[in-house]
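Peer 1: So here's upload_2.txt, just compact mmCIF, C-alpha atoms:
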# COMPACT_ATOMS: atom_id res chain seq x y z
CA MET A 206 93.82 126.64 96.87
CA GLU A 207 93.75 126.24 93.10
CA PHE A 208 95.00 123.06 91.45
CA SER A 209 97.97 124.83 89.84
CA GLU A 210 98.98 126.31 93.23
CA ALA A 211 98.89 122.82 94.77
CA VAL A 212 101.16 121.50 92.01
CA ASN A 213 103.62 124.37 92.47
CA ALA A 214 103.62 123.86 96.25
CA THR A 215 104.68 120.24 95.84
CA GLN A 216 107.81 120.83 93.78
CA ILE A 217 110.26 117.93 94.01
CA THR A 218 113.52 119.51 95.16
CA ASN A 219 115.36 116.66 96.82
CA HIS A 220 114.92 112.94 96.44
CA ILE A 221 114.46 110.68 99.42
CA LYS A 222 115.70 107.12 99.80
CA ILE A 223 113.08 104.66 100.96
CA ARG A 224 114.10 101.61 102.93
CA GLN A 225 111.40 99.23 101.88
CA PRO A 226 111.47 95.95 100.00
CA ARG A 227 110.77 96.43 96.31
CA SER A 228 108.12 94.52 94.44
CA TRP A 229 109.72 93.44 91.16
CA VAL A 230 107.39 93.15 88.18
CA LEU A 231 108.20 92.32 84.56
CA CYS A 232 106.51 95.10 82.56
CA ASN A 233 105.72 94.73 78.88
CA PHE A 234 105.82 98.22 77.29
CA TYR A 235 104.62 99.02 73.82
CA LEU A 236 105.05 102.47 72.33
CA PRO A 237 102.53 103.05 69.50
CA ASP A 238 104.01 103.35 65.99
CA GLU A 239 102.79 106.93 65.52
CA VAL A 240 104.71 108.00 68.65
CA ALA A 241 107.75 105.81 67.93
CA GLU A 242 108.18 107.32 64.46
CA THR A 243 108.75 110.77 65.99
CA ARG A 244 111.47 109.53 68.37
CA SER A 245 115.01 108.31 67.84
CA ALA A 246 115.67 104.56 67.70
CA ILE A 247 117.74 104.76 70.90
CA GLU A 248 114.91 106.45 72.79
CA VAL A 249 112.36 103.93 71.48
CA SER A 250 114.57 100.98 72.50
CA LYS A 251 114.50 102.24 76.12
CA VAL A 252 110.72 101.91 76.34
CA ARG A 253 109.69 99.18 73.92
CA GLY A 254 109.94 95.65 75.21
CA GLN A 255 109.97 93.90 78.56
CA PHE A 256 111.77 95.39 81.55
CA LEU A 257 111.98 94.23 85.15
CA LEU A 258 110.96 97.24 87.27
CA GLY A 259 110.90 97.67 91.02
CA PHE A 260 107.80 99.21 92.61
CA ASN A 261 107.19 100.30 96.21
CA PHE A 262 103.71 98.76 95.90
CA ARG A 263 102.41 96.25 93.39
CA PRO A 264 100.80 98.12 90.49
CA ILE A 265 97.07 97.59 90.04
CA LYS A 266 94.90 97.64 86.93
CA GLY A 267 94.29 101.20 85.69
CA GLU A 268 97.14 102.72 87.71
CA CYS A 269 99.40 105.21 85.92
CA PHE A 270 103.12 105.59 86.55
CA PRO A 271 106.02 107.51 84.99
CA TYR A 272 108.96 105.74 83.35
CA GLU A 273 111.69 107.11 81.05
CA GLY A 274 109.85 110.32 80.11
CA TYR A 275 106.51 108.65 79.44
CA ILE A 276 103.38 108.02 81.47
CA TRP A 277 102.15 104.42 81.34
CA ARG A 278 98.92 102.75 82.49
CA VAL A 279 98.70 99.20 83.81
CA LYS A 280 96.40 97.53 81.31
CA GLY A 281 95.38 94.39 83.18
CA GLU A 282 95.83 92.45 86.37
CA ILE A 283 99.29 91.19 87.28
CA ILE A 284 99.93 87.62 86.21
CA GLN A 285 101.77 85.79 88.97
CA PHE A 286 103.66 82.52 88.84
CA PRO A 287 103.70 81.10 92.39
CA THR A 288 106.19 78.49 93.59
CA ARG A 289 106.22 76.24 96.61
CA TYR A 290 108.13 77.21 99.71
CA ARG A 291 111.80 76.13 99.65
CA THR A 292 111.57 74.65 96.19
CA LYS A 293 114.54 74.72 93.87
CA SER A 294 112.41 75.18 90.78
CA ARG A 295 112.76 78.22 88.57
CA LYS A 296 111.17 81.40 89.99
CA GLU A 297 109.23 83.52 87.49
CA SER A 298 108.67 87.24 87.96
CA PRO A 299 105.11 88.61 88.00
CA PHE A 300 104.10 90.02 84.59
CA VAL A 301 101.95 92.97 83.53
CA VAL A 302 101.16 94.75 80.24
CA CYS A 303 101.49 98.55 80.23
CA GLU A 304 99.98 100.91 77.68
CA TYR A 305 101.32 104.30 76.62
CA VAL A 306 99.37 107.32 77.88
CA GLU A 307 101.54 110.32 76.96
CA SER A 308 105.04 111.74 77.20
CA TYR A 309 106.34 114.52 79.45
CA SER A 310 109.36 116.79 79.35
CA ASN A 311 110.02 117.59 83.03
CA GLU A 312 109.08 116.47 86.55
CA THR A 313 106.68 119.36 87.14
CA GLN A 314 104.70 118.53 84.00
CA MET A 315 104.72 114.83 84.93
CA PHE A 316 103.62 115.48 88.50
CA LYS A 317 100.77 117.76 87.39
CA ARG A 318 99.56 115.22 84.82
CA MET A 319 99.84 112.32 87.27
CA LEU A 320 97.65 114.24 89.73
CA GLU A 321 95.10 114.86 86.97
CA LEU A 322 95.08 111.16 86.05
CA SER A 323 94.94 110.05 89.68
CA THR A 324 91.71 108.82 91.17
CA ASN A 325 92.88 110.00 94.60
CA ILE A 326 91.68 113.58 94.12
Can you present the structure in this file as structure tokens?
Peer 2:
Amino acid sequence: MEFSEAVNATQITNHIKIRQPRSWVLCNFYLPDEVAETRSAIEVSKVRGQFLLGFNFRPIKGECFPYEGYIWRVKGEIIQFPTRYRTKSRKESPFVVCEYVESYSNETQMFKRMLELSTNI
């Protein structure tokens, strides 16, 4: 089976709900200026800054993931801020920096590119 046939065979037609606790991570996104200049200010504001995102699994260094029409790569290790059990002190979310890889226009294009970027194949 060719790579393009495998991508076409895995078309996402219906979405499935997963009953699993989410791992919430504060992601710092930065869209490069040369890319941001070609987009509208509203679109740039959706992906530039810090956003609390839920993951099924904690992201690891080098992992790529799609978000808001762009593919992002986890740049470093997650910084965690542990607290003691049953403490009333402020709880901080884990933090990670994400770098822009490229944009995509539809799920098929994203899925194909994610498979190419994946180290699983």
Peer 1: Which is closest to A:Gln255 among A:Thr313, A:Ser298, A:Thr288, A:Thr243, if we use all atoms listed in the file?
Peer 2: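 Nearest candidate to A:Gln255 out of A:Thr313, A:Ser298, A:Thr288, A:Thr243: A:Ser298.
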Peer 1: Considering all atoms listed in the file, return as a PyMOL selection string whatever protein or nucleic-acid residues lie within 12 Å of A:Phe262, sequence-local ones (same chain, fewer than 3 positions apart) excluded.
Peer 2: chain A and resi 225-230+258-259+265+268+270
Peer 1: Measuring between all atoms listed in the file, which one of A:Ile247, A:Val306, A:Val240, A:Ile223 shows the shortest distance to A:Tyr272?
Peer 2: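 Going through A:Ile247, A:Val306, A:Val240, A:Ile223 one by one, the smallest distance to A:Tyr272 is for A:Val306.
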Peer 1: Find the residues around A:Arg253 up to 7 Å (only C-alpha atoms counted), leave out those fewer than 6 positions away in its own chain, and share them as an MDAnalysis selection string.
Peer 2: chainID A and resid 234:236
Peer 1: Counting only C-alpha atoms, which residues have an atom no more than 9 Å from (105.5, 93.6, 87.0) in the file's coordinates? Please list them as number ranges by chain.
Peer 2: A: 228-233, 256-260, 263-264, 283-285, 298-302
Peer 1: So the first atom is atom CA of A:Ala246 and the second is atom CA of A:Trp277; what is the distance between them in Å, to one decimal place?
Peer 2: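 Interatomic distance here is 19.2 Å.
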Peer 1: Grab the atom CA of A:Ser308 to atom CA of A:Gly281 distance for me, in Å with one decimal place.
Peer 2: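 Pair atom CA of A:Ser308 / atom CA of A:Gly281 returns 20.7 Å.
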Peer 1: Would you work out the distance separating atom CA of A:Cys303 from atom CA of A:Arg278, expressed in Å to one decimal?
Peer 2: 5.4 Å
Peer 1: Restricting the calculation to all atoms listed in the file: of A:Phe286, A:Leu322, A:Asn261, A:Arg295, which residue gets closest to A:Glu307?
Peer 2: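 Checking each of A:Phe286, A:Leu322, A:Asn261, A:Arg295 against A:Glu307, counting all atoms listed in the file, the winner is A:Leu322.
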Peer 1: Would you give the centre and edge lengths, in Å to one decimal, of a box along x, y and z around the listed atoms of stretch 292-297 of chain A, with 4 Å added to each side, as JSON?
Peer 2:
{"center_x": 111.9, "center_y": 79.1, "center_z": 91.8, "size_x": 13.3, "size_y": 16.9, "size_z": 16.7}
Peer 1: From the list A:Leu320, A:Ile276, A:Cys269, A:Ala241, which residue is nearest A:Tyr305 when using all atoms listed in the file?
Peer 2: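 For A:Tyr305, the nearest of the given residues is A:Ile276.
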Peer 1: Rank A:Lys280, A:Lys222, A:Lys293, A:Arg244 by their smallest atom-to-atom distance to A:Gly267, using only C-alpha atoms, and report the top residue only.
Peer 2: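 Under the stated criterion, the closest residue is A:Lys280.
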